[in-house]
Amino acid sequence: MASDRMEAGTISITSRNGDEIEAYHARPMERTGYGSVVVIHHMPGYDSSTKEIARRFAAHGYGAVVPNLFHRYAPGASADDAAAAARAAGGVPDAQCLDDVAGAMAFLKAQPGANGKVGVIGYCSGGRQSYLSACNLDLDAAVDCYGGGVVATPDQLTPQRPVAVIDMTKDLRCPLLGLFGVNDANPSPEHVARMEEELTKHHKTFEFHSYEGAGHAFFWVERPSYNAEAARDGWHQIWNFYGKYLAS
Amino acid sequence: MCTYLTTTEQVSGTGLGAGGWFAIGQAVVYFDHPQQAPVEHALCIDFRPGDQADPARRVAIELDAPSARRLAESILATLAHDEVRALGVE
């Protein structure tokens, strides 16, 4: 039986732009040749729920890093205070997010037991950032969990998010798994259909699952939005997807 | 859904936080996932000293949408009351 021993804790990683940022790392201890995942936290922040997701990946034999995208706004602060500070500052710029994800990728690839393959997964705003990362970084697989704002109108663009991610689809560099709730307003079923249309147009490898009865944030176990059926199947799809694209 | 809609108002006042009273210079208003309130979305306000403030120095509230509307109406009604207007308040 394969060992399920793991190591997890807070570390510092170097962003691609040279900044040192806080991150959470979880990895299997007695395996080699494992795939790795960058876990992008949701808008409420770099919190215990997201760290739990990283440990879940390690328990399933993956290395995982959650970069604290809000670190610069509130070093050492609690997750909710940091989220508030980041929001007050206008949110995380896409370019900075890409630097941090690239830094996390480099860290994961350099781990002695890693097989060099790195995926990304993000939730809520992190779902959009996962899609963004997959269009701009050399990842091996990407998962977008109900990322709102991939489809954006010109008036929704900001200095922090200057380009609609949907318009980057032609540059998508890896297979994409999308997990959505039919009752979600952003991304709505219409947004998801628009994404499918664009991915198909550019001959990208993708698979989408939209769950009836589920809304936004159906993976978030501590919130009323949690939907057991959608979450259970969602995790099943994630293991299949990463098993296919991140294995040695 | 996650919303990115955030409105920042420059305000003047004081707030009582975990470390005592402090001067408030900014109110950040948004409707999104709350940290604590047991609802999917809430009207959230962070009262903060200002741009470069200690991130823990804030007064945060999360209200469900009907509560937030009632509160907003209540604030406006209070400010419009004859007794308040008689004080020369704009």
# chains A, B, ... in the order shown; residues from 1 in each chain; ligands from 1

call {"tool": "interface_residues", "arguments": {"of": "chain A", "to": "chain B", "cutoff": "9 Å", "atoms": "only C-alpha atoms", "output": "ChimeraX atom specification"}}
result
/A:42-44,73-75,77-78,80-82,84-85,87-91,124-125,146-149,156,184-188,215-217,223-225

call {"tool": "write_last_selection", "arguments": {"atoms": "N, CA and C atoms", "output": "short mmCIF file (atom, residue, chain, number, x, y, z; two decimals), in the first residue's frame"}}
result
data_model
loop_
_atom_site.label_atom_id
_atom_site.label_comp_id
_atom_site.auth_asym_id
_atom_site.auth_seq_id
_atom_site.Cartn_x
_atom_site.Cartn_y
_atom_site.Cartn_z
N HIS A 42 -9.66 31.61 -3.21
CA HIS A 42 -10.81 32.41 -3.64
C HIS A 42 -10.69 33.86 -3.12
N MET A 43 -11.68 34.67 -3.52
CA MET A 43 -11.64 36.09 -3.15
C MET A 43 -11.63 36.30 -1.64
N PRO A 44 -12.32 35.47 -0.85
CA PRO A 44 -12.24 35.67 0.61
C PRO A 44 -10.86 35.40 1.20
N TYR A 73 -0.35 42.93 0.39
CA TYR A 73 -1.26 43.96 0.91
C TYR A 73 -1.32 43.95 2.43
N ALA A 74 -0.95 42.83 3.04
CA ALA A 74 -1.09 42.72 4.49
C ALA A 74 -0.21 41.59 5.01
N PRO A 75 1.13 41.79 4.97
CA PRO A 75 2.01 40.70 5.41
C PRO A 75 1.73 40.30 6.86
N ALA A 77 -0.95 39.36 8.23
CA ALA A 77 -2.31 39.61 8.74
C ALA A 77 -3.16 38.35 8.62
N SER A 78 -4.31 38.35 9.28
CA SER A 78 -5.23 37.23 9.15
C SER A 78 -5.79 37.21 7.73
N ASP A 80 -8.82 37.17 6.61
CA ASP A 80 -9.91 38.09 6.29
C ASP A 80 -9.45 39.55 6.25
N ASP A 81 -8.52 39.92 7.13
CA ASP A 81 -7.98 41.29 7.07
C ASP A 81 -7.20 41.51 5.77
N ALA A 82 -6.46 40.49 5.35
CA ALA A 82 -5.68 40.61 4.11
C ALA A 82 -6.62 40.71 2.90
N ALA A 84 -9.59 41.99 2.90
CA ALA A 84 -10.16 43.34 2.92
C ALA A 84 -9.16 44.36 2.41
N ALA A 85 -7.90 44.20 2.79
CA ALA A 85 -6.87 45.14 2.34
C ALA A 85 -6.66 45.04 0.83
N ARG A 87 -8.87 44.07 -1.36
CA ARG A 87 -10.04 44.64 -2.03
C ARG A 87 -9.98 46.16 -2.01
N ALA A 88 -9.58 46.70 -0.87
CA ALA A 88 -9.48 48.16 -0.77
C ALA A 88 -8.45 48.71 -1.75
N ALA A 89 -7.46 47.90 -2.09
CA ALA A 89 -6.42 48.33 -3.03
C ALA A 89 -6.84 48.12 -4.49
N GLY A 90 -8.04 47.62 -4.70
CA GLY A 90 -8.53 47.43 -6.07
C GLY A 90 -8.39 46.01 -6.58
N GLY A 91 -7.88 45.13 -5.75
CA GLY A 91 -7.75 43.72 -6.15
C GLY A 91 -6.38 43.42 -6.73
N CYS A 124 -13.61 30.31 -7.43
CA CYS A 124 -14.21 31.65 -7.39
C CYS A 124 -13.32 32.59 -8.23
N SER A 125 -12.86 33.70 -7.70
CA SER A 125 -11.97 34.57 -8.47
C SER A 125 -10.73 33.79 -8.91
N TYR A 146 -15.83 27.39 -11.07
CA TYR A 146 -16.78 28.51 -11.08
C TYR A 146 -16.11 29.89 -11.04
N GLY A 147 -15.13 30.07 -11.90
CA GLY A 147 -14.46 31.37 -11.95
C GLY A 147 -15.33 32.42 -12.61
N GLY A 148 -15.73 33.43 -11.85
CA GLY A 148 -16.54 34.50 -12.41
C GLY A 148 -15.67 35.52 -13.11
N GLY A 149 -16.18 36.11 -14.17
CA GLY A 149 -15.47 37.19 -14.82
C GLY A 149 -14.55 36.77 -15.94
N GLN A 156 -16.29 46.20 -17.61
CA GLN A 156 -15.85 45.45 -16.43
C GLN A 156 -14.33 45.34 -16.34
N ASP A 184 -25.52 29.38 -10.69
CA ASP A 184 -24.58 30.48 -10.49
C ASP A 184 -24.94 31.64 -11.43
N ALA A 185 -24.76 32.86 -10.92
CA ALA A 185 -25.02 34.04 -11.76
C ALA A 185 -23.75 34.52 -12.46
N ASN A 186 -22.60 34.18 -11.90
CA ASN A 186 -21.33 34.58 -12.52
C ASN A 186 -20.24 33.59 -12.11
N PRO A 187 -19.91 32.60 -12.94
CA PRO A 187 -20.34 32.46 -14.32
C PRO A 187 -21.74 31.84 -14.44
N SER A 188 -22.56 32.45 -15.25
CA SER A 188 -23.90 31.93 -15.52
C SER A 188 -23.80 30.85 -16.58
N GLY A 215 -25.00 26.13 -6.98
CA GLY A 215 -24.71 27.52 -7.33
C GLY A 215 -23.21 27.74 -7.30
N HIS A 216 -22.83 28.95 -6.93
CA HIS A 216 -21.42 29.29 -6.83
C HIS A 216 -20.83 28.63 -5.58
N ALA A 217 -19.55 28.40 -5.59
CA ALA A 217 -18.81 27.95 -4.39
C ALA A 217 -19.34 26.65 -3.80
N ARG A 223 -19.60 26.80 4.04
CA ARG A 223 -20.57 27.82 3.70
C ARG A 223 -21.89 27.19 3.25
N PRO A 224 -22.98 27.98 3.30
CA PRO A 224 -24.28 27.43 2.87
C PRO A 224 -24.29 27.05 1.39
N SER A 225 -23.34 27.55 0.63
CA SER A 225 -23.29 27.24 -0.80
C SER A 225 -22.80 25.82 -1.07
#

call {"tool": "select_by_dssp", "arguments": {"residues": "chain B", "states": "strand (DSSP E or B)", "output": "VMD selection string"}}
result
chain B and resid 6 to 17 20 to 32 42 to 48 59 to 63

call {"tool": "write_last_selection", "arguments": {"atoms": "C-alpha atoms", "output": "CSV table (one decimal), in the first residue's frame"}}
result
chain,number,residue,atom,x,y,z
B,6,THR,CA,-16.2,47.7,-4.9
B,7,THR,CA,-16.9,51.3,-4.0
B,8,THR,CA,-14.5,53.2,-1.8
B,9,GLU,CA,-15.9,56.3,0.0
B,10,GLN,CA,-13.7,58.8,1.8
B,11,VAL,CA,-15.4,59.3,5.1
B,12,SER,CA,-14.6,61.1,8.4
B,13,GLY,CA,-15.4,59.6,11.7
B,14,THR,CA,-14.3,57.1,14.4
B,15,GLY,CA,-14.8,53.4,14.8
B,16,LEU,CA,-14.4,51.0,17.7
B,17,GLY,CA,-12.2,48.1,16.8
B,20,GLY,CA,-10.0,50.6,20.8
B,21,TRP,CA,-11.3,53.7,19.0
B,22,PHE,CA,-9.5,54.9,15.9
B,23,ALA,CA,-10.1,57.5,13.2
B,24,ILE,CA,-11.9,56.3,10.1
B,25,GLY,CA,-11.0,57.7,6.7
B,26,GLN,CA,-12.3,55.2,4.3
B,27,ALA,CA,-15.4,53.0,3.9
B,28,VAL,CA,-15.0,50.1,1.4
B,29,VAL,CA,-18.4,48.8,0.3
B,30,TYR,CA,-19.0,45.6,-1.7
B,31,PHE,CA,-21.5,42.9,-2.2
B,32,ASP,CA,-19.8,39.5,-2.2
B,42,ALA,CA,-23.7,39.9,1.9
B,43,LEU,CA,-23.4,43.7,1.7
B,44,CYS,CA,-20.0,44.2,3.4
B,45,ILE,CA,-18.4,47.4,4.7
B,46,ASP,CA,-14.9,47.7,5.9
B,47,PHE,CA,-14.3,51.0,7.8
B,48,ARG,CA,-10.6,51.7,7.7
B,59,VAL,CA,-14.4,47.7,11.6
B,60,ALA,CA,-16.1,45.1,9.4
B,61,ILE,CA,-19.8,44.4,8.9
B,62,GLU,CA,-21.6,41.9,6.8
B,63,LEU,CA,-25.3,42.3,6.3

call {"tool": "residues_around", "arguments": {"residues": "Ala58 in chain A", "least_positions_apart": "2", "cutoff": "12 Å", "atoms": "only C-alpha atoms", "output": "PyMOL selection string"}}
result
chain A and resi 3-9+24-31+34-39+51-56+60-65+114

call {"tool": "write_last_selection", "arguments": {"atoms": "N, CA and C atoms", "output": "compact mmCIF listing (two decimals), in the first residue's frame"}}
result
# COMPACT_ATOMS: atom_id res chain seq x y z
N SER A 3 2.32 4.83 0.74
CA SER A 3 2.31 5.64 1.96
C SER A 3 1.44 6.88 1.76
N ASP A 4 0.72 7.25 2.81
CA ASP A 4 -0.05 8.49 2.72
C ASP A 4 0.51 9.55 3.67
N ARG A 5 1.74 9.36 4.11
CA ARG A 5 2.35 10.38 4.99
C ARG A 5 2.55 11.67 4.19
N MET A 6 2.29 12.77 4.86
CA MET A 6 2.46 14.05 4.17
C MET A 6 3.11 15.08 5.09
N GLU A 7 3.62 16.12 4.47
CA GLU A 7 4.18 17.25 5.21
C GLU A 7 3.48 18.50 4.70
N ALA A 8 3.11 19.37 5.60
CA ALA A 8 2.41 20.58 5.17
C ALA A 8 2.74 21.74 6.09
N GLY A 9 2.83 22.91 5.52
CA GLY A 9 3.08 24.08 6.36
C GLY A 9 3.39 25.32 5.53
N TYR A 24 1.58 28.24 1.16
CA TYR A 24 1.33 27.02 1.94
C TYR A 24 1.67 25.84 1.05
N HIS A 25 2.50 24.96 1.59
CA HIS A 25 2.99 23.82 0.80
C HIS A 25 2.56 22.52 1.46
N ALA A 26 2.03 21.62 0.69
CA ALA A 26 1.70 20.28 1.18
C ALA A 26 2.24 19.28 0.16
N ARG A 27 2.87 18.21 0.67
CA ARG A 27 3.44 17.24 -0.26
C ARG A 27 3.44 15.85 0.36
N PRO A 28 3.36 14.83 -0.49
CA PRO A 28 3.51 13.47 0.03
C PRO A 28 4.96 13.26 0.44
N MET A 29 5.19 12.53 1.53
CA MET A 29 6.56 12.42 2.06
C MET A 29 7.33 11.22 1.52
N GLU A 30 6.65 10.19 1.14
CA GLU A 30 7.39 8.97 0.79
C GLU A 30 7.06 8.51 -0.62
N ARG A 31 6.82 9.48 -1.48
CA ARG A 31 6.56 9.13 -2.88
C ARG A 31 7.54 9.92 -3.74
N TYR A 34 5.76 12.39 -8.35
CA TYR A 34 4.38 12.88 -8.22
C TYR A 34 4.17 14.18 -8.99
N GLY A 35 2.95 14.36 -9.47
CA GLY A 35 2.56 15.61 -10.12
C GLY A 35 2.26 16.67 -9.07
N SER A 36 2.19 17.91 -9.52
CA SER A 36 2.01 19.02 -8.58
C SER A 36 0.92 19.97 -9.04
N VAL A 37 0.38 20.70 -8.08
CA VAL A 37 -0.74 21.59 -8.38
C VAL A 37 -0.55 22.93 -7.66
N VAL A 38 -0.72 24.01 -8.39
CA VAL A 38 -0.82 25.34 -7.78
C VAL A 38 -2.29 25.58 -7.46
N VAL A 39 -2.59 25.82 -6.20
CA VAL A 39 -3.97 26.04 -5.77
C VAL A 39 -4.17 27.54 -5.57
N LYS A 51 -6.13 25.99 2.47
CA LYS A 51 -5.00 25.16 2.92
C LYS A 51 -5.45 23.70 3.05
N GLU A 52 -6.70 23.52 3.45
CA GLU A 52 -7.23 22.16 3.56
C GLU A 52 -7.27 21.49 2.19
N ILE A 53 -7.57 22.27 1.17
CA ILE A 53 -7.57 21.73 -0.20
C ILE A 53 -6.16 21.28 -0.59
N ALA A 54 -5.16 22.07 -0.21
CA ALA A 54 -3.77 21.69 -0.51
C ALA A 54 -3.43 20.36 0.16
N ARG A 55 -3.87 20.20 1.40
CA ARG A 55 -3.59 18.93 2.09
C ARG A 55 -4.34 17.77 1.44
N ARG A 56 -5.51 18.06 0.91
CA ARG A 56 -6.26 17.02 0.21
C ARG A 56 -5.48 16.53 -1.02
N HIS A 60 -3.76 12.76 -1.74
CA HIS A 60 -3.98 11.99 -2.97
C HIS A 60 -2.70 11.86 -3.79
N GLY A 61 -1.58 12.21 -3.20
CA GLY A 61 -0.30 11.96 -3.86
C GLY A 61 0.22 13.07 -4.74
N TYR A 62 -0.27 14.28 -4.55
CA TYR A 62 0.21 15.43 -5.33
C TYR A 62 0.94 16.42 -4.42
N GLY A 63 1.92 17.09 -4.96
CA GLY A 63 2.49 18.24 -4.28
C GLY A 63 1.58 19.43 -4.55
N ALA A 64 1.41 20.31 -3.59
CA ALA A 64 0.53 21.46 -3.81
C ALA A 64 1.09 22.70 -3.12
N VAL A 65 0.94 23.83 -3.78
CA VAL A 65 1.31 25.12 -3.18
C VAL A 65 0.17 26.10 -3.38
N ALA A 114 9.20 15.56 -7.21
CA ALA A 114 8.22 15.95 -8.23
C ALA A 114 8.60 15.44 -9.61

call {"tool": "residues_around", "arguments": {"residues": "Arg128 in chain A", "least_positions_apart": "5", "cutoff": "10 Å", "atoms": "only C-alpha atoms", "output": "ChimeraX atom specification"}}
result
/A:40,42,94,121-123,133-134,143-151,164-166,187

call {"tool": "write_last_selection", "arguments": {"atoms": "C-alpha atoms", "output": "CSV table (one decimal), in the first residue's frame"}}
result
chain,number,residue,atom,x,y,z
A,40,ILE,CA,-5.3,29.6,-6.2
A,42,HIS,CA,-10.8,32.4,-3.6
A,94,ASP,CA,-3.5,39.9,-13.3
A,121,ILE,CA,-6.7,24.9,-9.9
A,122,GLY,CA,-8.6,27.9,-8.7
A,123,TYR,CA,-11.9,28.7,-7.0
A,133,SER,CA,-2.7,31.2,-15.9
A,134,ALA,CA,-3.4,28.5,-18.4
A,143,VAL,CA,-9.1,23.5,-13.5
A,144,ASP,CA,-11.5,26.4,-13.3
A,145,CYS,CA,-14.0,26.0,-10.5
A,146,TYR,CA,-16.8,28.5,-11.1
A,147,GLY,CA,-14.5,31.4,-11.9
A,148,GLY,CA,-16.5,34.5,-12.4
A,149,GLY,CA,-15.5,37.2,-14.8
A,150,VAL,CA,-13.8,35.1,-17.5
A,151,VAL,CA,-16.4,36.5,-19.8
A,164,ALA,CA,-11.0,39.8,-20.7
A,165,VAL,CA,-9.7,36.3,-20.1
A,166,ILE,CA,-12.1,34.8,-22.6
A,187,PRO,CA,-20.3,32.5,-14.3

call {"tool": "residues_around", "arguments": {"residues": "Ser210 in chain A", "least_positions_apart": "4", "cutoff": "9 Å", "atoms": "only C-alpha atoms", "output": "NGL selection string"}}
result
:A and (178-182 or 189 or 192 or 214 or 230)

call {"tool": "select_by_dssp", "arguments": {"residues": "chain B", "states": "alpha helix (DSSP H)", "output": "MDAnalysis selection string"}}
result
chainID B and resid 65:80 82:85

call {"tool": "atom_distance", "arguments": {"atom1": "CA of Ala247 in chain A", "atom2": "CA of Met168 in chain A"}}
result
26.7 Å

call {"tool": "atom_distance", "arguments": {"atom1": "CA of His191 in chain A", "atom2": "CA of Ser130 in chain A"}}
result
16.2 Å

call {"tool": "atom_distance", "arguments": {"atom1": "CA of Ala79 in chain A", "atom2": "CA of Ser15 in chain A"}}
result
19.5 Å

call {"tool": "residues_around", "arguments": {"residues": "Asp100 in chain A", "least_positions_apart": "4", "cutoff": "10 Å", "atoms": "only C-alpha atoms", "output": "list in words"}}
result
Ile13, Thr14, Ser15, Arg16, Asn17, Gly18, Asp19, Glu20, Ile21, Ala23, Val38, Ile40, Val66, Pro67, Asn68, Leu69, Asp94, Ala95, Gln96, Ala104, Met105 and Ala106 of chain A

call {"tool": "write_last_selection", "arguments": {"atoms": "N, CA and C atoms", "output": "compact mmCIF listing (two decimals), in the first residue's frame"}}
result
# COMPACT_ATOMS: atom_id res chain seq x y z
N ILE A 13 7.97 31.63 -0.88
CA ILE A 13 8.40 31.33 -2.25
C ILE A 13 8.78 32.64 -2.94
N THR A 14 9.54 32.51 -4.00
CA THR A 14 9.95 33.70 -4.74
C THR A 14 9.06 33.83 -5.98
N SER A 15 8.35 34.93 -6.01
CA SER A 15 7.52 35.22 -7.17
C SER A 15 8.44 35.44 -8.38
N ARG A 16 7.90 35.30 -9.57
CA ARG A 16 8.71 35.50 -10.78
C ARG A 16 9.30 36.90 -10.83
N ASN A 17 8.63 37.85 -10.19
CA ASN A 17 9.15 39.23 -10.21
C ASN A 17 10.17 39.48 -9.10
N GLY A 18 10.52 38.42 -8.34
CA GLY A 18 11.55 38.55 -7.31
C GLY A 18 11.01 38.77 -5.90
N ASP A 19 9.73 39.09 -5.77
CA ASP A 19 9.16 39.30 -4.43
C ASP A 19 9.09 37.98 -3.67
N GLU A 20 9.37 38.06 -2.38
CA GLU A 20 9.17 36.90 -1.52
C GLU A 20 7.73 36.96 -0.99
N ILE A 21 6.98 35.91 -1.18
CA ILE A 21 5.60 35.91 -0.67
C ILE A 21 5.35 34.64 0.14
N ALA A 23 3.40 31.33 1.32
CA ALA A 23 2.67 30.29 0.60
C ALA A 23 2.48 29.10 1.53
N VAL A 38 -0.72 24.01 -8.39
CA VAL A 38 -0.82 25.34 -7.78
C VAL A 38 -2.29 25.58 -7.46
N ILE A 40 -5.08 28.12 -6.34
CA ILE A 40 -5.32 29.57 -6.23
C ILE A 40 -6.55 29.80 -5.35
N VAL A 66 -0.19 26.76 -2.29
CA VAL A 66 -1.14 27.87 -2.36
C VAL A 66 -0.34 29.16 -2.19
N PRO A 67 -0.13 29.93 -3.24
CA PRO A 67 0.53 31.22 -3.04
C PRO A 67 -0.46 32.20 -2.42
N ASN A 68 -0.01 32.94 -1.44
CA ASN A 68 -0.88 33.95 -0.83
C ASN A 68 -0.87 35.19 -1.72
N LEU A 69 -1.86 35.28 -2.58
CA LEU A 69 -1.92 36.39 -3.54
C LEU A 69 -2.14 37.73 -2.84
N ASP A 94 -3.69 41.18 -12.64
CA ASP A 94 -3.46 39.91 -13.34
C ASP A 94 -1.97 39.62 -13.52
N ALA A 95 -1.20 40.65 -13.85
CA ALA A 95 0.24 40.44 -14.10
C ALA A 95 0.94 39.95 -12.83
N GLN A 96 0.54 40.50 -11.70
CA GLN A 96 1.14 40.09 -10.42
C GLN A 96 0.73 38.66 -10.07
N ALA A 104 5.26 29.84 -7.89
CA ALA A 104 4.80 28.59 -7.26
C ALA A 104 5.12 27.39 -8.15
N MET A 105 4.94 27.56 -9.46
CA MET A 105 5.27 26.47 -10.41
C MET A 105 6.75 26.11 -10.32
N ALA A 106 7.59 27.14 -10.29
CA ALA A 106 9.04 26.90 -10.24
C ALA A 106 9.41 26.17 -8.96

call {"tool": "closest_residue", "arguments": {"among": "A:Gly45, A:Pro159, A:Gly113, A:Pro93", "to": "His71 in chain A", "atoms": "only C-alpha atoms"}}
result
A:Gly45

call {"tool": "closest_residue", "arguments": {"among": "A:Lys170, A:Arg232, A:Ile238, A:Gly119", "to": "Trp220 in chain A", "atoms": "only C-alpha atoms"}}
result
A:Arg232
